[in-house]
file coords35.txt (compact mmCIF, C-alpha atoms and all ligand atoms)
# COMPACT_ATOMS: atom_id res chain seq x y z
CA MET A 1 171.19 33.95 -117.11
CA ASP A 2 172.49 37.09 -118.86
CA TYR A 3 169.14 38.66 -119.81
CA ALA A 4 170.80 41.54 -121.66
CA ALA A 5 172.64 39.09 -123.94
CA ILE A 6 169.47 37.05 -124.50
CA ARG A 7 167.59 40.24 -125.37
CA ARG A 8 170.23 41.18 -127.96
CA LEU A 9 169.36 37.90 -129.68
CA THR A 10 165.58 37.84 -129.16
CA SER A 11 165.17 41.48 -130.28
CA ARG A 12 166.39 40.32 -133.69
CA LEU A 13 163.45 37.92 -133.91
CA TRP A 14 160.67 40.55 -133.90
CA GLY A 15 158.63 40.90 -137.09
CA PRO A 16 157.98 44.12 -139.02
CA VAL A 17 155.86 46.94 -137.58
CA CYS A 18 152.17 46.14 -138.21
CA ALA A 19 148.79 47.59 -137.28
CA VAL A 20 146.35 45.01 -135.87
CA THR A 21 142.66 45.94 -135.81
CA ALA A 22 139.58 44.15 -134.49
CA ALA A 23 135.93 44.79 -133.76
CA HIS A 24 133.08 43.39 -131.71
CA GLY A 25 129.59 44.75 -132.22
CA ASP A 26 129.88 48.54 -132.47
CA ASP A 27 133.30 48.57 -130.80
CA ALA A 28 136.32 48.85 -133.05
CA GLY A 29 139.96 49.43 -132.20
CA GLY A 30 143.53 48.73 -133.07
CA GLN A 31 147.11 48.63 -131.91
CA ILE A 32 150.66 48.18 -133.20
CA ALA A 33 152.34 44.75 -133.07
CA VAL A 34 155.71 43.31 -134.03
CA GLY A 35 154.96 39.85 -132.64
CA VAL A 36 153.77 38.65 -136.03
CA LEU A 37 154.82 35.67 -138.13
CA SER A 38 153.68 33.93 -141.29
CA ALA A 39 152.54 30.40 -140.33
CA SER A 40 151.80 28.58 -143.58
CA ILE A 41 153.42 25.66 -145.34
CA LEU A 42 150.93 25.66 -148.23
CA PRO A 43 150.43 29.07 -149.88
CA GLU A 44 146.79 28.13 -150.56
CA HIS A 45 146.23 27.75 -146.78
CA PRO A 46 147.67 31.05 -145.54
CA ARG A 47 147.88 31.54 -141.78
CA VAL A 48 149.64 33.93 -139.40
CA LEU A 49 150.57 33.98 -135.73
CA ILE A 50 150.25 37.17 -133.67
CA GLN A 51 151.20 37.85 -130.05
CA ILE A 52 148.73 40.18 -128.34
CA TRP A 53 149.30 41.41 -124.79
CA LYS A 54 146.39 40.86 -122.46
CA ALA A 55 146.46 44.43 -121.10
CA ASN A 56 145.47 45.71 -124.54
CA ARG A 57 141.95 46.61 -125.51
CA THR A 58 142.58 45.07 -128.94
CA HIS A 59 143.15 41.79 -127.10
CA ASP A 60 139.60 41.95 -125.73
CA LEU A 61 138.18 42.78 -129.16
CA ILE A 62 139.99 39.84 -130.82
CA ALA A 63 138.93 37.49 -128.01
CA ALA A 64 135.29 38.57 -128.38
CA GLY A 65 135.13 38.87 -132.18
CA ARG A 66 137.45 35.89 -132.94
CA ALA A 67 138.91 37.82 -135.89
CA PHE A 68 141.45 40.51 -136.73
CA ALA A 69 143.01 42.41 -139.61
CA LEU A 70 146.78 42.77 -139.93
CA HIS A 71 148.46 45.60 -141.88
CA PRO A 72 152.25 45.79 -142.44
CA LEU A 73 153.21 49.47 -142.32
CA ALA A 74 155.56 51.59 -144.43
CA ALA A 75 158.43 53.65 -142.97
CA ASP A 76 156.53 56.93 -143.41
CA GLN A 77 153.63 55.80 -141.16
CA ALA A 78 155.07 56.96 -137.83
CA ASP A 79 151.90 59.00 -137.14
CA LEU A 80 149.81 55.83 -137.26
CA VAL A 81 152.28 54.01 -134.99
CA ARG A 82 152.04 56.82 -132.44
CA ARG A 83 148.24 56.90 -132.64
CA LEU A 84 147.69 53.14 -132.30
CA GLY A 85 150.77 52.06 -130.35
CA PHE A 86 151.50 54.72 -127.72
CA ARG A 87 148.20 54.69 -125.81
CA SER A 88 145.40 52.26 -125.08
CA GLY A 89 141.79 52.30 -126.22
CA HIS A 90 141.04 51.42 -122.59
CA ASP A 91 141.33 55.18 -121.93
CA GLY A 92 137.95 55.60 -123.66
CA THR A 93 138.92 57.50 -126.79
CA GLY A 94 138.09 56.13 -130.24
CA LYS A 95 141.52 55.28 -131.63
CA LEU A 96 140.21 54.91 -135.17
CA ASP A 97 138.29 58.23 -135.17
CA GLY A 98 139.41 60.34 -138.11
CA LEU A 99 141.17 57.43 -139.86
CA GLU A 100 139.90 56.13 -143.18
CA TRP A 101 138.75 52.52 -142.78
CA ARG A 102 135.99 50.09 -143.76
CA PRO A 103 134.68 46.97 -142.05
CA GLY A 104 136.04 43.79 -143.62
CA ILE A 105 134.24 40.45 -144.01
CA THR A 106 134.58 39.75 -140.29
CA GLY A 107 133.85 43.35 -139.29
CA SER A 108 137.54 43.91 -138.50
CA PRO A 109 138.53 47.43 -139.57
CA VAL A 110 140.51 47.48 -142.82
CA LEU A 111 142.67 50.62 -142.81
CA ALA A 112 143.04 52.57 -146.05
CA SER A 113 146.56 54.00 -145.58
CA PRO A 114 148.85 50.92 -145.17
CA PRO A 115 150.28 49.26 -148.29
CA GLY A 116 148.26 46.10 -147.69
CA PHE A 117 146.24 44.00 -145.27
CA ILE A 118 145.09 40.49 -144.48
CA GLU A 119 141.91 39.64 -142.63
CA CYS A 120 141.89 36.56 -140.41
CA ARG A 121 139.54 34.39 -138.42
CA VAL A 122 141.01 33.06 -135.18
CA VAL A 123 141.42 29.27 -135.43
CA GLY A 124 143.65 28.77 -132.39
CA ALA A 125 144.76 30.57 -129.26
CA LEU A 126 147.60 29.84 -126.83
CA ASP A 127 147.22 31.43 -123.40
CA ALA A 128 150.74 32.61 -122.49
CA THR A 129 149.67 34.32 -119.22
CA ASP A 130 150.66 37.91 -120.09
CA MET A 131 149.69 37.54 -123.76
CA THR A 132 147.65 35.37 -126.09
CA VAL A 133 149.22 33.92 -129.22
CA TYR A 134 146.51 33.81 -131.88
CA LEU A 135 146.63 31.61 -134.96
CA GLY A 136 144.69 33.33 -137.73
CA GLU A 137 143.41 31.75 -140.93
CA VAL A 138 143.61 34.33 -143.71
CA ILE A 139 140.24 34.81 -145.41
CA ALA A 140 140.89 37.97 -147.43
CA GLY A 141 143.71 40.33 -148.23
CA GLU A 142 145.40 42.65 -150.65
CA TRP A 143 148.90 44.07 -151.29
CA ARG A 144 148.90 47.37 -153.15
CA GLY A 145 152.33 48.52 -152.02
CA GLY A 146 154.47 47.33 -154.95
CA GLU A 147 158.07 47.18 -153.70
CA THR A 148 157.35 49.18 -150.49
CA PRO A 149 159.64 47.67 -147.82
CA THR A 150 158.39 46.76 -144.38
CA VAL A 151 160.07 48.44 -141.39
CA GLN A 152 161.51 47.21 -138.10
CA ALA A 153 160.50 48.85 -134.82
CA TYR A 154 164.01 50.14 -134.01
CA GLU A 155 164.12 51.94 -137.39
CA MET A 156 160.62 53.40 -137.01
CA ILE A 157 161.01 54.50 -133.37
CA GLY A 158 164.63 55.64 -133.92
CA ALA A 159 163.53 58.07 -136.65
CA MET A 160 160.85 59.71 -134.44
CA PRO A 161 161.32 63.08 -132.68
CA PRO A 162 162.76 62.72 -129.14
CA GLU A 163 159.45 63.64 -127.45
CA TRP A 164 157.64 60.85 -129.32
CA GLN A 165 160.40 58.41 -128.33
CA GLU A 166 159.86 59.47 -124.72
CA GLU A 167 156.09 58.82 -125.08
CA TYR A 168 156.91 55.39 -126.50
CA ARG A 169 159.24 54.55 -123.60
CA ARG A 170 156.63 55.61 -121.01
CA HIS A 171 153.89 53.48 -122.58
CA ASP A 172 156.26 50.55 -123.11
CA GLN A 173 157.21 50.69 -119.42
CA GLU A 174 153.51 50.58 -118.42
CA GLN A 175 153.04 47.55 -120.65
CA ARG A 176 156.01 45.78 -119.08
CA GLU A 177 154.65 46.46 -115.60
CA ALA A 178 151.24 45.06 -116.61
CA ALA A 179 152.92 41.93 -118.02
CA ALA A 180 155.03 41.52 -114.87
CA ARG A 181 151.91 41.69 -112.70
CA LEU A 182 150.24 38.96 -114.77
CA LEU A 183 153.33 36.75 -114.74
CA ASP A 184 153.99 37.25 -111.03
CA ALA A 185 150.42 36.19 -110.34
CA THR A 186 151.20 32.71 -111.62
CA THR A 187 154.88 32.40 -110.67
CA ASP A 188 154.33 33.63 -107.11
CA GLY A 189 155.89 31.20 -104.65
CA ILE A 190 157.57 29.10 -107.35
CA PRO A 191 161.37 29.11 -106.79
C1 LIG A 201 156.76 49.31 -132.12
C2 LIG A 201 155.69 48.68 -131.24
C3 LIG A 201 155.58 47.31 -131.20
C4 LIG A 201 154.58 46.71 -130.43
N1 LIG A 201 154.44 45.34 -130.45
C5 LIG A 201 153.40 44.76 -129.79
C6 LIG A 201 153.14 43.37 -129.93
O1 LIG A 201 153.83 42.62 -130.64
N2 LIG A 201 152.07 42.86 -129.28
C7 LIG A 201 151.26 43.63 -128.49
O2 LIG A 201 150.27 43.13 -127.96
N3 LIG A 201 151.49 44.96 -128.32
C8 LIG A 201 152.53 45.54 -128.98
N4 LIG A 201 152.74 46.88 -128.87
C9 LIG A 201 151.98 47.66 -127.89
C10 LIG A 201 150.59 48.09 -128.32
O3 LIG A 201 150.55 48.52 -129.65
C11 LIG A 201 150.16 49.25 -127.40
O4 LIG A 201 150.23 48.83 -126.04
C12 LIG A 201 148.80 49.80 -127.72
O5 LIG A 201 148.66 51.02 -127.05
C13 LIG A 201 147.65 48.88 -127.31
O6 LIG A 201 146.45 49.54 -127.64
P1 LIG A 201 145.03 48.99 -127.19
O7 LIG A 201 145.04 48.86 -125.70
O8 LIG A 201 144.07 50.07 -127.66
O9 LIG A 201 144.80 47.69 -127.87
C14 LIG A 201 153.71 47.51 -129.65
C15 LIG A 201 153.83 48.90 -129.69
C16 LIG A 201 154.81 49.49 -130.48
C17 LIG A 201 154.92 51.00 -130.54
call {"tool": "encode", "arguments": {"input": "coords35.txt", "output": "structure tokens"}}
result
Amino acid sequence: MDYAAIRRLTSRLWGPVCAVTAAHGDDAGGQIAVGVLSASILPEHPRVLIQIWKANRTHDLIAAGRAFALHPLAADQADLVRRLGFRSGHDGTGKLDGLEWRPGITGSPVLASPPGFIECRVVGALDATDMTVYLGEVIAGEWRGGETPTVQAYEMIGAMPPEWQEEYRRHDQEQREAAARLLDATTDGIP
């Protein structure tokens, strides 16, 4: 299979750049995600799907707390993308320190700076080996962004200074290696 050609197609299927936050007990954290999708037929039963990589600390917080908050970001929020998306909370530093946020109904951190948020309880989870796909039932939310457009990752990353882009590439490579290790563990020996 021509993986480069497939990637040219699948890269067009990513969602907008979002911040995903979660908490369990006194632990709170967050990350960036573009594996996000609205999953509702009836507007009065809003749901979303998110893809969260197992190497992420936010994955552990969602798995433990069974809830998350999702915030679509605006194009001028590159600082937040770098803070939440270029390093892991596994390194021990509080990723939300210094950010303005409040605990939502589920305890998931609701960030003040994005144009909106939804808060979800996990009602389903698909184990995809290197990631978990969570189905979230929306239990609260707000959009205060007016006509603020969402932004795609290639636009957001492409507008960053070269040294930030290099940081992104390094972290992305580490994530790919972690995913490959998890996938190899189950595909080992299978032709
Ligand atoms: C533009 C962008 C898109 C990303 N998309 C996803 C995604 O869809 N799912 C995911 O689990 N991680 C995604 N990540 C990676 C995490 O945000 C990143 O690994 C983060 O450092 C994890 O932090 P944590 O370990 O504190 O949870 C993305 C990162 C960036 C910068």
call {"tool": "closest_atom_pairs", "arguments": {"input": "coords35.txt", "of": "chain A", "to": "ligand LIG 201 (chain A)", "cutoff": "9 Å", "atoms": "all atoms listed in the file", "output": "tab-separated table"}}
result
residue	atom	partner	partner_atom	distance
A:Trp14	CA	A:LIG201	O1	7.9
A:Gly15	CA	A:LIG201	O1	8.2
A:Pro16	CA	A:LIG201	C1	8.7
A:Val17	CA	A:LIG201	C1	6.0
A:Cys18	CA	A:LIG201	C3	7.9
A:Ala19	CA	A:LIG201	O3	7.9
A:Val20	CA	A:LIG201	O3	8.3
A:Thr21	CA	A:LIG201	O9	8.4
A:Gly29	CA	A:LIG201	O8	6.2
A:Gly30	CA	A:LIG201	O9	5.5
A:Gln31	CA	A:LIG201	O3	4.1
A:Ile32	CA	A:LIG201	O3	3.6
A:Ala33	CA	A:LIG201	N1	3.4
A:Val34	CA	A:LIG201	O1	3.9
A:Gly35	CA	A:LIG201	O1	3.6
A:Val36	CA	A:LIG201	O1	6.7
A:Ile50	CA	A:LIG201	O1	7.2
A:Gln51	CA	A:LIG201	N2	5.1
A:Ile52	CA	A:LIG201	O2	3.3
A:Trp53	CA	A:LIG201	O2	3.7
A:Lys54	CA	A:LIG201	O2	7.1
A:Ala55	CA	A:LIG201	O7	6.5
A:Asn56	CA	A:LIG201	O7	3.4
A:Arg57	CA	A:LIG201	O7	3.8
A:Thr58	CA	A:LIG201	O9	3.6
A:His59	CA	A:LIG201	O9	6.2
A:Asp60	CA	A:LIG201	O9	8.0
A:Leu61	CA	A:LIG201	O9	8.3
A:Val81	CA	A:LIG201	C17	6.0
A:Arg82	CA	A:LIG201	C17	6.8
A:Arg83	CA	A:LIG201	O5	8.1
A:Leu84	CA	A:LIG201	O5	5.7
A:Gly85	CA	A:LIG201	O3	3.6
A:Phe86	CA	A:LIG201	O5	4.7
A:Arg87	CA	A:LIG201	O5	3.9
A:Ser88	CA	A:LIG201	O7	3.5
A:Gly89	CA	A:LIG201	O8	3.5
A:His90	CA	A:LIG201	O7	5.7
A:Asp91	CA	A:LIG201	O8	8.2
A:Gly94	CA	A:LIG201	O8	8.9
A:Lys95	CA	A:LIG201	O8	7.0
A:Met131	CA	A:LIG201	O2	7.0
A:Thr132	CA	A:LIG201	O2	8.4
A:Gln152	CA	A:LIG201	C1	7.9
A:Ala153	CA	A:LIG201	C1	4.6
A:Tyr154	CA	A:LIG201	C1	7.5
A:Met156	CA	A:LIG201	C1	7.5
A:Ile157	CA	A:LIG201	C1	6.8
A:Tyr168	CA	A:LIG201	C17	6.3
A:Arg169	CA	A:LIG201	C17	8.9
A:His171	CA	A:LIG201	O4	6.9
A:Asp172	CA	A:LIG201	O4	6.9
A:Glu174	CA	A:LIG201	O4	8.5
A:Gln175	CA	A:LIG201	O4	6.2
call {"tool": "atom_distance", "arguments": {"input": "coords35.txt", "atom1": "atom CA of Leu37 of chain A", "atom2": "atom CA of Glu166 of chain A"}}
result
27.8 Å
call {"tool": "atom_distance", "arguments": {"input": "coords35.txt", "atom1": "atom CA of Arg47 of chain A", "atom2": "atom CA of Pro72 of chain A"}}
result
14.9 Å
call {"tool": "atom_distance", "arguments": {"input": "coords35.txt", "atom1": "atom CA of Tyr134 of chain A", "atom2": "atom CA of Ala74 of chain A"}}
result
23.6 Å
call {"tool": "residues_around", "arguments": {"input": "coords35.txt", "residues": "Ala140 of chain A", "least_positions_apart": "3", "cutoff": "8 Å", "atoms": "all atoms listed in the file", "output": "compact mmCIF listing (two decimals) with C-alpha atoms, in the coordinates of the input"}}
result
# COMPACT_ATOMS: atom_id res chain seq x y z
CA ILE A 105 134.24 40.45 -144.01
CA ILE A 118 145.09 40.49 -144.48
CA GLU A 119 141.91 39.64 -142.63
CA CYS A 120 141.89 36.56 -140.41
call {"tool": "closest_residue", "arguments": {"input": "coords35.txt", "among": "A:Arg66, A:Ala159, A:Ser40, A:Val138", "to": "Asp79 of chain A", "atoms": "only C-alpha atoms"}}
result
A:Ala159
call {"tool": "closest_residue", "arguments": {"input": "coords35.txt", "among": "A:Ala64, A:Ala78, A:Leu42, A:Pro115", "to": "Gln165 of chain A", "atoms": "only C-alpha atoms"}}
result
A:Ala78
call {"tool": "closest_residue", "arguments": {"input": "coords35.txt", "among": "A:Ile41, A:Leu183, A:Ala28, A:Leu80", "to": "Ser113 of chain A", "atoms": "all atoms listed in the file"}}
result
A:Leu80
call {"tool": "build_atoms", "arguments": {"input": "coords35.txt", "residues": "segment 69-80 of chain A", "atoms": "N, CA and C atoms", "output": "tab-separated table (two decimals), keeping the file's coordinate frame"}}
result
chain	number	residue	atom	x	y	z
A	69	ALA	N	142.35	42.05	-138.36
A	69	ALA	CA	143.01	42.41	-139.61
A	69	ALA	C	144.43	42.85	-139.28
A	70	LEU	N	145.36	42.50	-140.15
A	70	LEU	CA	146.78	42.77	-139.93
A	70	LEU	C	147.31	43.57	-141.13
A	71	HIS	N	147.98	44.71	-140.83
A	71	HIS	CA	148.46	45.60	-141.88
A	71	HIS	C	149.95	45.87	-141.67
A	72	PRO	N	150.85	45.35	-142.51
A	72	PRO	CA	152.25	45.79	-142.44
A	72	PRO	C	152.32	47.27	-142.81
A	73	LEU	N	153.15	48.02	-142.08
A	73	LEU	CA	153.21	49.47	-142.32
A	73	LEU	C	154.46	49.86	-143.09
A	74	ALA	N	154.41	51.03	-143.72
A	74	ALA	CA	155.56	51.59	-144.43
A	74	ALA	C	156.31	52.53	-143.49
A	75	ALA	N	157.56	52.84	-143.85
A	75	ALA	CA	158.43	53.65	-142.97
A	75	ALA	C	157.87	55.04	-142.70
A	76	ASP	N	157.04	55.56	-143.61
A	76	ASP	CA	156.53	56.93	-143.41
A	76	ASP	C	155.21	56.95	-142.60
A	77	GLN	N	154.90	55.85	-141.90
A	77	GLN	CA	153.63	55.80	-141.16
A	77	GLN	C	153.83	55.94	-139.64
A	78	ALA	N	154.80	56.76	-139.26
A	78	ALA	CA	155.07	56.96	-137.83
A	78	ALA	C	153.86	57.55	-137.09
A	79	ASP	N	153.10	58.42	-137.77
A	79	ASP	CA	151.90	59.00	-137.14
A	79	ASP	C	150.93	57.91	-136.69
A	80	LEU	N	150.74	56.92	-137.57
A	80	LEU	CA	149.81	55.83	-137.26
A	80	LEU	C	150.34	54.98	-136.11
